[in-house]
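Q: Before anything else, here's the structure in question.
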Amino acid sequence: MKKLTLPGKISIFIVIGCLATLWFLPMWQIDLRAPQYPGGLSMKIWINDVKGDVDIINGLNHYIGMKTIHKKDFPEFIFLPTMMLIFMGLGLVVLLLNRKFVYYIWTGLFAFIGIFSFYDFYKWEYNYGHNLDPTAPIKIPDMSYTPPLVGYKKMLNFEALSQPDIAGWFYIAAGVILLGMCVYEGRKKVAK
Amino acid sequence: MKKIILTLCSVAAIASMQSCKMKSAESAVQGDAASKVYVAPGKYDEFYNFVSGGFSGQVTVYGLPSGRLLKVIPVFSMFPENGYGYNEETKPMLNTSNGSVPWDDQHHLMLSQTNGEQDGRWIFANANNTPRVARIDLTTFKTMEILQLPNSAGNHSSPFLTENTEYVVAGTRFSVPLGEEDVPISSFKQNFKSTASFISVDKTTGHMSIAFQIMLPGMNLDLSRAGKGPSHGWFFFSCYNTEQAYTLLEVNASQKDKDFIVAVNWKKAEEYAKAGKGKKVPAEYAHNTYDEDKQIATSTMEKEVLVLDPKDCPDMVYMIPCPKSPHGCDVNPTGEYIVGSGKLAALIPVFSFAKITKAIADKQFEGDFYGIPVIKYEAALHGEVKKPGLGPLHTEFDDHGNAYTSMFLSSEVVKWRLSDLQVVDRAPTFYSVGHLMVPGGDTKKPWGKYLVAYNKITKDRYLPTGPELCQSAQLFDISGEKMQLLLDFPTIGEPHYAQACPASLIRDKQVKFFDINKNHHEFVAMGEKKTNVVRNGNRVDVWMTAIRSHLTPDNIEGVYVGDEVYFHVTNLEQDWDIPHGFAIKNNPGAELLIMPGETVTLKYIPTRQGIYPFYCTDFCSALHQEMSGYLRVSPKGSNVPLKFSTGVVADTAAKK
C-alpha cells in the first residue's frame with residue numbers, strides 16, 4: 001500500500017482550512033441591478049443561510065409571482081453543512097490511514113459533493129424562476145426568471161450576475177488542491 | 001430758406017444722437033460663471049444651504065453652488081404635502097399657550113456648533129410672530145422640538161447660539177408688559193419690557209429649556225451674536241427704538257443719533273441664576289417634543305420662568321452706543337471684533353472686545369440707561385468703516401480677514417478689510433439685499449468660497465408671475481480679490497438669514513428609513529397579521545399596513561356617520577425612498593406621507609353616508625394605481641357589523 005507524501009498530508013489541513021471559511025464567509029453571491037436601484041441589490045448565499053437584500057428582493061418578486069425566499073424553506077442549510085463537516089472529518093481519517101487511494105476516494109467524494117451542490121442549486125433556481133403564482137400581477141408569456149447559475153443574465157428591468165463569493169473561491173481552491181495533489185501523489189513515491 | 005434748412009438739419013442731428021440713458025440694472029455675468037455653478041446630473045452640491053422661509057414658516061434646503069431646491073422642512077406652519085401639523089403625531093408640535101398656532105414668520109437659522117465650528121447635528125429656527133424656537137435634527141431633517149417663549153413678542157434676535165451650543169438666545173423685538181398684563185399702550189416706558197431669554201441645550205439630546213430670562217428696558221432687540229474665542233461668555237444684541245416709541249416708529253424710533261449694542265455677560269448671568277438672584281415668575285408656555293421612539297409629539301405646558309433683573313445683578317449687562325438703529329451685530333471669526341450695522345447710518349462702527357473689557361475695568365461710562373451702564377462710544381470703538389454704502393444691515397466674514405456687509409439701500413455687497421477698515425470691493429445685488437451668508441461665515445471657521453445675498457426685491461429678475469413674485473437669492477464667488485456674480489435662484493417665502501455647511505458634514509449620516517423593529521408607536525401594526533379594526537364607543541381605530549402594492553385592510557364596513565375614525569397606517573417597507581401616502585375622500589385635512597418603518601395617523605370623521613375610497617398618494621410602484629380600498633360609512637344607528645378584510649371576495653350576490 002502506497003503511503004501519502006508529506007505535501008499530501010499537509011494538503012489535507014489546507015483543504016480543511018479552506019472549507020472552514022464556509023462558516024465565516026459567504027460562498028455565493030447574486031447581484032442584481034436595475035435603474036431604480038443605483039446601489040444594486042445583493043443576495044449572499046452562505047453554507048447555512050441566505051443574507052443581504054433578501055427582504056427587498058422578496059418584496060419585488062411578488063409582482064411576477066415568485067416565491068419569497070426564507071431561510072427555513074431550505075433543507076440544504078442543514079444537510080450541506082453536515083455533509084461538509086463529515087467530509088472535513090474524513091480528512092482526518094485519510095491522514096490516519098495514510099494511504100494514497102484513500103486520498104483519491106476522498107477527492108472523489110469532494111467532486112461528488114460539488115456536483116451535487118451545483119445540481120441542487122440549479123434545481124432551486126429553476127423552480128424559483130418557473131414556479132410562478134398564476135395570479136401574479138405581471139405575466140409575460142414564455143418568460144421565466146431562472147437566475148444565471150454562473151455569469152450574467154438580463155431579466156426584465158434587472159440585470160443579474162451570479163458568481164462565487166470569498167468562501168466559494170476557497171472551496172474552489174480546495175478542489176484545485178485536491179485534484180493537483182492526486183496527480184502529485186500518483187507520480188511521487190515515499191522513500192521507505 | 002438756408003436758415004430753415006440749417007435749423008432742420010441741426011434738429012435732425014440732435015434727434016439722431018444717442019439720447020442719454022440711465023445705467024441698466026441688467027447684470028453682466030462674466031467669464032466662467034456657468035461652469036462654476038454647473039453640477040452635472042448624478043453629482044452632488046458642495047454645500048447644504050439652509051434658508052429661512054420667512055412668512056412661509058418653514059425652512060428650505062438648497063444645494064450650493066447649483067441653487068437647486070432639495071427640501072422644504074416643515075417647522076412652524078402646517079404642511080399638507082406630508083401631513084405635518086395635520087396628522088395626529090405632529091399636531092402637538094404647533095401647540096402654544098394659545099392653542100394651535102399653525103403658521104409663523106421664520107427669520108433666522110443657526111447650525112449647532114462645537115468649539116465655535118459647525119458640528120452638523122441640529123439646526124435651530126426662530127418664529128418671530130408667536131415667539132418660539134425650533135430644533136431640527138439633521139439626520140432626518142425633521143422638526144424635533146419647539147419651545148414657546150413667554151414674556152416676549154417678535155422673537156427676532158433668535159436663535160443665535162454660543163460656541164458650544166450651550167445656549168440658544170431669543171430676544172424680544174416688540175417689548176410687551178411681562179405676564180400678559182392689561183395696561184394702556186401709552187404706559188410703554190413704565191410697563192413695557194424687552195427680555196433676552198437664554199435657552200439651555202442638552203449636549204446629547206439637544207433638548208431645550210429656558211435657563212433664565214434677562215429683563216431689559218422697553219426697546220426693540222433686533223439681532224444678536226454670541227462672542228467666541230476671547231469673547232466667549234458674552235452675548236451681543238443690537239437694539240433700536242431706545243426712544244421707546246409705541247406709535248409711528250418709522251419716525252419716532254429714528255430720532256436718536258445712537259441706539260445701543262447690549263453686551264450681556266452670560267457666564268455672570270449663569271452664576272447669578274445659580275446663586276438665586278433671579279425671580280421665578282409664573283408664565284405659561286408650551287414645550288413640544290417629538291419622540292422618535294414612540295413616533296409621536298407631546299406638548300407640555302410649562303408654568304414658570306426664572307427672570308434676572310440687571311438691577312439685582314451688577315456687571316451682567318452693559319450698553320455700547322451704536323449709530324442709528326443698528327440691525328446686524330456680528331462677531332468676526334477671532335471673536336475680537338463686533339461689527340454694528342446701523343441701518344440708517346453712513347458708516348459701520350467696529351468695536352473691539354479688548355477695548356470693551358478695558359472700558360468696563362476703567363469704568364469709562366458716559367451714563368446709564370435705566371441703571372445699565374453705558375460705555376463711552378470711543379472707549380469701545382476699534383474704528384469706523386467710512387462711506388461703505390447706504391443701509392448696512394448684516395455682516396459675515398471669510399477666512400482671509402475680510403468682512404462682507406449687505407447694503408439694503410444702495411443694493412450691494414461691500415467687501416472690506418478688518419485690519420485697516422478699508423473698502424476693497426463692492427458688487428451690486430438685484431435688488432436690495434437683506435441678510436447675506438458665507439458658509440460658516442459666522443463661525444470660527446468660515447469657508448470663504450461663496451457668498452449668497454438674500455434679496456428683498458425681485459422685480460424683473462425672472463419670468464413674471466403676476467403681482468406676487470418669488471424672492472431672489474444671488475450666489476457670488478468670493479474666492480478671488482473681486483466678488484463675481486455667478487447665479488440667481490428663486491427662493492420660497494421670504495428668506496431672511498441662512499446657514500450653509502459642507503455637505504460632508506451631514507450627507508453620510510442621513511437616515512434612509514426607520515427600522516420597523518424600533519417602531520414603538522402605540523398603534524403600530526407589526527405585519528399584516530396584526531392589522532385590526534376596533535370600535536370603542538364612537539371611536540374606531542384602524543391598524544393598517546402599507547406595502548407594495550396594497551393596504552391592509554382594504555375593505556372596511558361598520559363605520560357610522562359621526563364616528564371618529566383613526567387610520568394608523570404603518571409603512572412596512574424597509575428600503576430607501578419607498579414612502580407610501582394615504583388619503584381618503586372628503587377628508588377635510590391633508591394626506592399622510594409615511595416613511596418606511598413609520599406609523600402615522602389620520603383622524604377622519606365621516607359626515608355623510610356612502611362609500612369612501614382611500615388610496616396611496618405616493619407613486620410607489622408599478623401597481624401603485626391598484627393600491628386602494630373602500631370604507632363603507634353607514635347612517636348613524638344602523639346595524640351594519642364591523643368588518644374588515646383584504647383579498648376576500650364575497651361569494652354571495654351583493655346585498656344592500
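Residues are referred to by chain and number: the chain letter is A, B, ... according to the order shown in the C-alpha cells, the number counts from 1 in that chain, and ligands are numbered separately from 1 in the order shown.
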Sorted by chain and rising residue number, which residues of chain B lie within 8 Å of chain A, and what are their closest atom pairs and distances in Å to one decimal, counting only C-alpha atoms, as a tab-separated table?

A:
```
residue	atom	partner	partner_atom	distance
B:Arg548	CA	A:Gly59	CA	7.4
B:Gln574	CA	A:Ile56	CA	7.4
B:Asp575	CA	A:Ile56	CA	6.8
```

Q: Name all residues at most 9 Å from Glu88 of chain B (count only C-alpha atoms; drop same-chain ones fewer than 4 positions away) and give them as a ChimeraX atom specification.

A: /B:92,296-297,566,600-603

Q: If you run DSSP on the backbone, which residues of segment 31-64 of chain A are alpha helix (DSSP H), as a PyMOL selection string?

A: chain A and resi 54-61

Q: Kindly export the residues of the current selection with N, CA, C and O atoms, as a PDB file, in the first residue's frame.

A:
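part_36.pdb written:
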```pdb
ATOM      1  N   VAL A  54     -32.335  40.279   0.905  1.00  0.00           N
ATOM      2  CA  VAL A  54     -33.355  39.262   0.609  1.00  0.00           C
ATOM      3  C   VAL A  54     -34.760  39.837   0.760  1.00  0.00           C
ATOM      4  O   VAL A  54     -35.631  39.598  -0.088  1.00  0.00           O
ATOM      5  N   ASP A  55     -34.966  40.647   1.820  1.00  0.00           N
ATOM      6  CA  ASP A  55     -36.311  41.191   2.046  1.00  0.00           C
ATOM      7  C   ASP A  55     -36.756  42.076   0.886  1.00  0.00           C
ATOM      8  O   ASP A  55     -37.911  42.050   0.469  1.00  0.00           O
ATOM      9  N   ILE A  56     -35.801  42.870   0.402  1.00  0.00           N
ATOM     10  CA  ILE A  56     -36.147  43.776  -0.703  1.00  0.00           C
ATOM     11  C   ILE A  56     -36.444  42.968  -1.963  1.00  0.00           C
ATOM     12  O   ILE A  56     -37.415  43.221  -2.665  1.00  0.00           O
ATOM     13  N   ILE A  57     -35.612  41.946  -2.208  1.00  0.00           N
ATOM     14  CA  ILE A  57     -35.834  41.096  -3.392  1.00  0.00           C
ATOM     15  C   ILE A  57     -37.172  40.376  -3.276  1.00  0.00           C
ATOM     16  O   ILE A  57     -37.946  40.321  -4.229  1.00  0.00           O
ATOM     17  N   ASN A  58     -37.478  39.890  -2.095  1.00  0.00           N
ATOM     18  CA  ASN A  58     -38.774  39.241  -1.869  1.00  0.00           C
ATOM     19  C   ASN A  58     -39.922  40.189  -2.176  1.00  0.00           C
ATOM     20  O   ASN A  58     -40.919  39.818  -2.771  1.00  0.00           O
ATOM     21  N   GLY A  59     -39.755  41.447  -1.730  1.00  0.00           N
ATOM     22  CA  GLY A  59     -40.795  42.452  -1.962  1.00  0.00           C
ATOM     23  C   GLY A  59     -41.024  42.668  -3.450  1.00  0.00           C
ATOM     24  O   GLY A  59     -42.158  42.820  -3.899  1.00  0.00           O
ATOM     25  N   LEU A  60     -39.947  42.659  -4.216  1.00  0.00           N
ATOM     26  CA  LEU A  60     -40.069  42.894  -5.653  1.00  0.00           C
ATOM     27  C   LEU A  60     -40.671  41.700  -6.368  1.00  0.00           C
ATOM     28  O   LEU A  60     -41.428  41.835  -7.323  1.00  0.00           O
ATOM     29  N   ASN A  61     -40.306  40.504  -5.890  1.00  0.00           N
ATOM     30  CA  ASN A  61     -40.672  39.305  -6.623  1.00  0.00           C
ATOM     31  C   ASN A  61     -42.160  39.021  -6.632  1.00  0.00           C
ATOM     32  O   ASN A  61     -42.632  38.233  -7.440  1.00  0.00           O
TER      33      ASN A  61
END
```

Q: Excluding Gly448 of chain B and any residue of its chain fewer than 5 positions from it, enumerate the residues within 9 Å of it, using only C-alpha atoms, and give them as a list in words.

A: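 Counting only C-alpha atoms, the residues come to Phe397, Asp398, Asp399, His400, Val438, Pro439, Gly440, Gly441, Asp477, Ile478 and Ser479 of chain B.
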
Q: Tell me which of B:Glu163, B:Glu468, B:Asp425, B:Asp420 sits closest to Phe235 of chain B, counting only C-alpha atoms.

A: B:Glu163

Q: Do a neighbour search on Leu92 of chain A at 9 Å with only C-alpha atoms, toss out local chain neighbours closer than 5 positions, and write the hits as a list in words.

A: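 With the cut-off at 9 Å, the set is Ile12, Phe13 and Leu97 of chain A.
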
Q: With a distance cut-off of 6 Å and only C-alpha atoms, select the neighbouring residues of Phe582 of chain B, excluding the residue or stretch itself and same-chain residues fewer than 5 positions from it, and output the selection as a count of residues only.

A: 5

Q: As an mmCIF file with N, CA and C atoms, in the first residue's frame, please: the residues near Val102 of chain A (cut-off 12 Å, only C-alpha atoms, same-chain neighbours under 2 positions excluded).

A:
```cif
data_model
loop_
_atom_site.group_PDB
_atom_site.id
_atom_site.type_symbol
_atom_site.label_atom_id
_atom_site.label_comp_id
_atom_site.auth_asym_id
_atom_site.auth_seq_id
_atom_site.Cartn_x
_atom_site.Cartn_y
_atom_site.Cartn_z
ATOM 1 N N MET A 1 0.841 -1.199 0.000
ATOM 2 C CA MET A 1 0.000 0.000 0.000
ATOM 3 C C MET A 1 0.868 1.238 0.000
ATOM 4 N N LYS A 2 0.539 2.165 -0.939
ATOM 5 C CA LYS A 2 1.354 3.369 -1.030
ATOM 6 C C LYS A 2 0.906 4.406 -0.013
ATOM 7 N N LYS A 3 1.933 4.972 0.653
ATOM 8 C CA LYS A 3 1.617 5.967 1.677
ATOM 9 C C LYS A 3 1.628 7.372 1.078
ATOM 10 N N LEU A 4 1.015 8.293 1.826
ATOM 11 C CA LEU A 4 0.926 9.690 1.368
ATOM 12 C C LEU A 4 2.265 10.386 1.506
ATOM 13 N N GLY A 8 1.249 15.840 0.551
ATOM 14 C CA GLY A 8 -0.103 15.276 0.554
ATOM 15 C C GLY A 8 -0.752 15.428 1.904
ATOM 16 N N LYS A 9 0.024 15.125 2.946
ATOM 17 C CA LYS A 9 -0.530 15.233 4.304
ATOM 18 C C LYS A 9 -0.872 16.682 4.638
ATOM 19 N N ILE A 12 -4.097 18.077 3.263
ATOM 20 C CA ILE A 12 -5.348 17.755 3.974
ATOM 21 C C ILE A 12 -5.734 18.900 4.900
ATOM 22 N N LEU A 90 -13.581 13.311 7.596
ATOM 23 C CA LEU A 90 -12.975 12.222 6.844
ATOM 24 C C LEU A 90 -11.533 12.530 6.461
ATOM 25 N N GLY A 91 -11.253 13.806 6.306
ATOM 26 C CA GLY A 91 -9.889 14.236 6.002
ATOM 27 C C GLY A 91 -8.912 13.714 7.043
ATOM 28 N N LEU A 92 -9.361 13.798 8.309
ATOM 29 C CA LEU A 92 -8.504 13.323 9.399
ATOM 30 C C LEU A 92 -8.325 11.808 9.321
ATOM 31 N N VAL A 93 -9.413 11.128 8.886
ATOM 32 C CA VAL A 93 -9.321 9.685 8.714
ATOM 33 C C VAL A 93 -8.295 9.350 7.631
ATOM 34 N N VAL A 94 -8.337 10.136 6.547
ATOM 35 C CA VAL A 94 -7.376 9.944 5.453
ATOM 36 C C VAL A 94 -5.953 10.075 5.990
ATOM 37 N N LEU A 95 -5.779 11.073 6.838
ATOM 38 C CA LEU A 95 -4.453 11.330 7.411
ATOM 39 C C LEU A 95 -3.987 10.145 8.257
ATOM 40 N N LEU A 96 -4.924 9.610 9.056
ATOM 41 C CA LEU A 96 -4.596 8.491 9.941
ATOM 42 C C LEU A 96 -4.281 7.223 9.150
ATOM 43 N N LEU A 97 -5.118 6.940 8.135
ATOM 44 C CA LEU A 97 -4.914 5.734 7.332
ATOM 45 C C LEU A 97 -3.654 5.857 6.482
ATOM 46 N N ASN A 98 -3.349 7.142 6.084
ATOM 47 C CA ASN A 98 -2.111 7.423 5.366
ATOM 48 C C ASN A 98 -1.947 6.547 4.117
ATOM 49 N N ARG A 99 -2.977 6.499 3.341
ATOM 50 C CA ARG A 99 -2.904 5.716 2.099
ATOM 51 C C ARG A 99 -3.308 6.614 0.930
ATOM 52 N N LYS A 100 -2.578 6.473 -0.193
ATOM 53 C CA LYS A 100 -2.892 7.305 -1.350
ATOM 54 C C LYS A 100 -4.301 7.070 -1.864
ATOM 55 N N TYR A 104 -7.534 9.526 -2.832
ATOM 56 C CA TYR A 104 -8.251 9.617 -4.111
ATOM 57 C C TYR A 104 -9.758 9.512 -3.882
ATOM 58 N N ILE A 105 -10.148 8.586 -2.978
ATOM 59 C CA ILE A 105 -11.583 8.431 -2.693
ATOM 60 C C ILE A 105 -12.132 9.716 -2.077
ATOM 61 N N TRP A 106 -11.296 10.266 -1.209
ATOM 62 C CA TRP A 106 -11.715 11.499 -0.539
ATOM 63 C C TRP A 106 -11.954 12.600 -1.584
ATOM 64 N N THR A 107 -11.054 12.710 -2.548
ATOM 65 C CA THR A 107 -11.186 13.689 -3.633
ATOM 66 C C THR A 107 -12.452 13.412 -4.437
ATOM 67 N N GLY A 108 -12.679 12.139 -4.689
ATOM 68 C CA GLY A 108 -13.879 11.753 -5.431
ATOM 69 C C GLY A 108 -15.132 12.212 -4.702
ATOM 70 N N LEU A 109 -15.106 12.030 -3.401
ATOM 71 C CA LEU A 109 -16.254 12.447 -2.583
ATOM 72 C C LEU A 109 -16.471 13.951 -2.719
ATOM 73 N N CYS A 182 -3.741 14.812 -6.141
ATOM 74 C CA CYS A 182 -3.960 13.465 -6.649
ATOM 75 C C CYS A 182 -2.939 13.162 -7.745
ATOM 76 N N GLU A 185 0.484 12.875 -6.065
ATOM 77 C CA GLU A 185 0.626 11.621 -5.328
ATOM 78 C C GLU A 185 0.846 10.458 -6.292
#
```

Q: Find the spatial neighbours of Glu284 of chain B, counting only C-alpha atoms, within a cut-off of 12 Å - ignore same-chain residues fewer than 5 positions away - and output them as a ChimeraX atom specification.

A: /B:96-99,147-152,178-180,300-305

Q: Please, which residues of segment 550-583 of chain B, numbered as in this document, come out strand (DSSP E or B) from DSSP, as a VMD selection string?

A: chain B and resid 550 to 552 555 to 560 564 to 571 580 to 583

Q: With only C-alpha atoms as the atoms that count, which of B:Pro282, B:Ala253, B:Ala503, B:Thr405 lies nearest to Phe47 of chain B?

A: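 Result for the nearest residue to Phe47 of chain B: B:Ala503.
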
Q: Out of A:Arg33, A:Asp49, A:Met88, A:Val150, which residue has the shortest atom-to-atom distance to Gly17 of chain A when counting only C-alpha atoms?

A: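 Once distances to Gly17 of chain A are computed over only C-alpha atoms, the minimum belongs to A:Met88.
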